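Have a look at entry_13.txt; it's compact mmCIF, C-alpha atoms:
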```txt
# COMPACT_ATOMS: atom_id res chain seq x y z
CA MET L 1 69.87 173.73 26.42
CA ARG L 2 73.10 172.34 24.96
CA ILE L 3 73.60 175.24 22.54
CA PRO L 4 74.04 177.93 25.27
CA ALA L 5 76.43 175.67 27.19
CA LEU L 6 78.44 175.00 24.04
CA LEU L 7 78.56 178.71 23.19
CA SER L 8 79.71 179.63 26.70
CA CYS L 9 82.47 176.99 26.51
CA ALA L 10 83.56 178.33 23.12
CA ALA L 11 83.60 181.89 24.49
CA VAL L 12 85.70 180.96 27.53
CA ALA L 13 88.18 178.70 25.67
CA PRO L 14 90.42 181.55 24.37
CA LEU L 15 90.72 182.94 27.90
CA LEU L 16 91.77 179.56 29.27
CA MET L 17 94.28 179.01 26.46
CA ALA L 18 95.74 182.49 26.96
CA ALA L 19 96.31 181.76 30.66
CA VAL L 20 98.42 178.72 29.75
CA GLN L 21 100.66 180.61 27.31
CA PRO L 22 104.00 181.65 28.87
CA ILE L 23 104.94 185.30 29.12
CA ARG L 24 108.33 185.94 27.54
CA LEU L 25 110.08 189.20 28.40
CA GLN L 26 113.55 190.33 27.33
CA PRO L 27 116.06 191.31 30.06
CA SER L 28 116.20 195.07 30.59
CA SER L 29 118.89 195.23 33.29
CA PRO L 30 122.02 193.35 34.30
CA TRP L 31 121.93 190.83 37.14
CA VAL L 32 122.36 192.49 40.54
CA VAL L 33 123.84 190.46 43.40
CA ASP L 34 123.42 191.59 47.02
CA TYR L 35 125.53 189.76 49.59
CA ALA L 36 123.91 190.93 52.82
CA GLU L 37 125.10 189.92 56.28
CA ASN L 38 122.50 187.16 56.72
CA SER L 39 121.22 186.51 53.20
CA CYS L 40 122.03 186.62 49.51
CA ARG L 41 119.82 188.03 46.72
CA LEU L 42 120.03 187.87 42.92
CA VAL L 43 117.73 190.29 41.02
CA ARG L 44 117.11 191.16 37.36
CA THR L 45 114.50 193.30 35.61
CA PHE L 46 112.74 192.13 32.46
CA GLY L 47 110.51 194.06 30.05
CA GLU L 48 109.83 197.78 29.76
CA GLY L 49 107.01 200.16 30.72
CA LYS L 50 103.79 198.42 31.75
CA ASP L 51 105.42 195.01 31.16
CA LYS L 52 108.33 195.74 33.56
CA THR L 53 108.82 192.71 35.78
CA LYS L 54 111.39 191.97 38.49
CA PHE L 55 112.72 188.47 39.11
CA ALA L 56 114.53 187.67 42.37
CA LEU L 57 116.13 184.66 44.00
CA GLU L 58 116.85 185.00 47.71
CA SER L 59 118.60 182.68 50.13
CA GLU L 60 118.45 183.25 53.88
CA SER L 61 120.27 180.03 54.76
CA PRO L 62 122.30 177.39 52.93
CA GLY L 63 120.17 175.14 50.76
CA GLN L 64 117.04 177.29 51.02
CA VAL L 65 116.09 179.53 48.09
CA ASP L 66 112.92 181.55 47.54
CA MET L 67 111.88 182.87 44.12
CA LEU L 68 109.85 186.07 43.65
CA VAL L 69 108.43 187.68 40.49
CA ILE L 70 106.80 191.14 40.66
CA GLY L 71 105.08 192.93 37.77
CA LYS L 72 101.80 193.93 36.17
CA PRO L 73 101.88 191.07 33.58
CA LEU L 74 101.22 188.72 36.53
CA SER L 75 97.80 190.18 37.36
CA ASN L 76 95.84 187.45 35.55
CA TYR L 77 97.06 184.51 37.62
CA SER L 78 95.10 182.56 40.21
CA GLU L 79 96.15 182.15 43.83
CA GLU L 80 98.34 179.09 43.15
CA VAL L 81 100.80 179.39 40.28
CA PRO L 82 102.90 176.47 39.01
CA ALA L 83 106.43 177.00 37.68
CA ARG L 84 109.34 174.81 36.64
CA PHE L 85 112.82 175.22 35.25
CA LEU L 86 112.93 173.84 31.71
CA PRO L 87 114.20 171.45 30.44
CA VAL L 88 115.41 169.94 33.73
CA GLN L 89 112.29 169.88 35.93
CA THR L 90 109.07 168.08 35.07
CA LYS L 91 107.17 168.56 38.35
CA PRO L 92 105.92 172.12 38.86
CA MET L 93 106.71 174.09 41.99
CA LYS L 94 103.66 175.72 43.58
CA GLY L 95 103.79 179.48 43.97
CA GLN L 96 101.40 181.79 45.79
CA ALA L 97 99.97 184.96 44.25
CA ALA L 98 100.48 188.10 46.31
CA VAL L 99 100.65 191.89 46.00
CA SER L 100 103.70 194.04 46.72
CA ALA L 101 103.40 196.07 49.92
CA ASP L 102 104.64 199.40 48.58
CA ASN L 103 102.70 199.96 45.32
CA HIS L 104 100.29 196.97 45.20
CA VAL L 105 101.78 195.43 42.05
CA PRO L 106 100.93 191.73 41.48
CA ALA L 107 103.58 189.27 42.63
CA ILE L 108 104.15 185.52 42.86
CA VAL L 109 106.27 183.84 45.53
CA TRP L 110 107.71 180.35 45.34
CA ALA L 111 109.05 179.39 48.77
CA ARG L 112 111.94 176.93 49.17
CA ILE L 113 112.47 176.09 45.52
CA THR L 114 114.85 173.32 44.55
CA LEU L 115 117.58 173.91 42.04
CA LEU L 116 117.99 170.20 41.36
CA PRO L 117 116.48 167.72 38.90
CA ASP L 118 113.26 166.13 40.19
CA ASP L 119 114.68 162.70 41.06
CA ILE L 120 117.58 164.10 43.08
CA ALA L 121 115.35 166.70 44.78
CA GLU L 122 112.93 163.96 45.90
CA ARG L 123 115.81 161.86 47.24
CA GLU L 124 117.17 164.85 49.18
CA GLN L 125 113.74 165.67 50.65
CA SER L 126 113.38 162.04 51.74
CA ASP L 127 116.83 162.12 53.36
CA ASP L 128 115.97 165.39 55.15
CA ARG L 129 112.71 163.96 56.50
CA GLN L 130 114.57 160.89 57.73
CA ARG L 131 117.23 163.06 59.42
CA HIS L 132 114.59 165.17 61.21
CA GLN L 133 112.76 162.11 62.54
CA LEU L 134 115.76 161.07 64.61
CA ALA L 135 115.34 161.94 68.29
CA VAL L 136 119.08 162.22 68.87
CA ARG L 137 121.81 164.01 67.00
CA PRO L 138 121.49 163.46 63.22
CA PRO L 139 124.24 161.54 61.43
CA ALA L 140 127.19 163.42 59.99
CA LEU L 141 126.88 164.69 56.44
CA ASP L 142 128.75 162.76 53.77
CA LEU L 143 131.25 165.19 52.21
CA ALA L 144 131.45 163.19 48.96
CA LYS L 145 127.65 163.36 48.66
CA GLN L 146 127.71 167.12 49.34
CA ALA L 147 130.32 167.60 46.59
CA GLN L 148 128.19 165.54 44.18
CA LEU L 149 125.10 167.65 45.00
CA LYS L 150 127.10 170.82 44.39
CA ALA L 151 128.15 169.52 40.97
CA VAL L 152 124.53 168.60 40.13
CA ARG L 153 123.36 172.10 41.15
CA GLN L 154 126.04 173.63 38.91
CA ASP L 155 124.87 171.46 35.98
CA PHE L 156 121.26 172.42 36.73
CA ALA L 157 122.11 176.12 36.74
CA SER L 158 124.05 175.95 33.48
```

Kindly present the structure from the file in structure tokens form.
Amino acid sequence: MRIPALLSCAAVAPLLMAAVQPIRLQPSSPWVVDYAENSCRLVRTFGEGKDKTKFALESESPGQVDMLVIGKPLSNYSEEVPARFLPVQTKPMKGQAAVSADNHVPAIVWARITLLPDDIAEREQSDDRQRHQLAVRPPALDLAKQAQLKAVRQDFAS
């Protein structure tokens, strides 16, 4: 009874290990920036042919950024896909698998990603929750703190 179970585990192991391996594609287009009236989008294409994949960051309001990846190499992922920006982030962001509406190509969406190191992102989320719990007008934003966050985001991006 143990031999068939052991053989099935051995047969499935390469598939599980392959799913953990990152996909590395070379850029195949320049960055394209679209400053729309109510949003901002940054897009770049990676890979060629059947490996062609589009990466997009979109912001519809200040401080809120969504990340989207579309391409056939993403077809092997489960419904929830973790991602993180190395080497800065240690906690993965949870993305949702989807399919593009026009040509049904696999896609993954990460909603409201943070472009901050984990400790600062957690502190900011805590501050936001505290601000939203107030029944009256929230306190004024600290301009020095906003400038510090901007500098941290710049360091994170570089």

Atom CA of L:Val88 to atom CA of L:Phe55: how many Å, to one decimal?
19.5 Å

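With all atoms listed in the file as the atoms that count, the minimum distance from L:Leu86 to the choices L:Asp127, L:Asp102, L:Glu60, L:Asp118 is reached by L:Asp118.
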
Of L:Ala147, L:Leu68, L:Leu115, L:Ile120, the one nearest to L:Ala97 when counting only C-alpha atoms is L:Leu68

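Between atom CA of L:Thr45 and atom CA of L:Gly95 the interatomic distance comes to 19.4 Å.
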
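If you look at atom CA of L:Val81 and atom CA of L:Lys94, they are 5.7 Å away from each other.
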
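Nearest residue to L:Asp51 among L:Ala151, L:Val105, L:Ala36, L:Leu143 is L:Val105, counting only C-alpha atoms.
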
With all atoms listed in the file as the atoms that count, which of L:Thr53, L:Gln96, L:Gln64, L:Ser59 lies nearest to L:Val33?
L:Ser59

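With all atoms listed in the file as the atoms that count, the residue of L:Ala56, L:Val136, L:Val109, L:Val69 with the shortest distance to L:Asp34 is L:Ala56.
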
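Ranking L:Arg123, L:Lys150, L:Arg41, L:Lys72 by their shortest atom-to-atom distance to L:Asn103, with all atoms listed in the file included, puts L:Lys72 first.
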
Neighbouring residues of L:Ala98 were defined as those with any atom within 8 Å, considering all atoms listed in the file; residues of the same chain fewer than 3 positions away were excluded. Please report them as a PyMOL selection string.
chain L and resi 79+106-109

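If you count all atoms listed in the file and draw a sphere of 12 Å around (125.3, 186.7, 59.2), the protein and nucleic acid residues inside it come out as Tyr35, Ala36, Glu37, Asn38, Ser39, Cys40, Ser59, Glu60, Ser61 and Pro62 of chain L.
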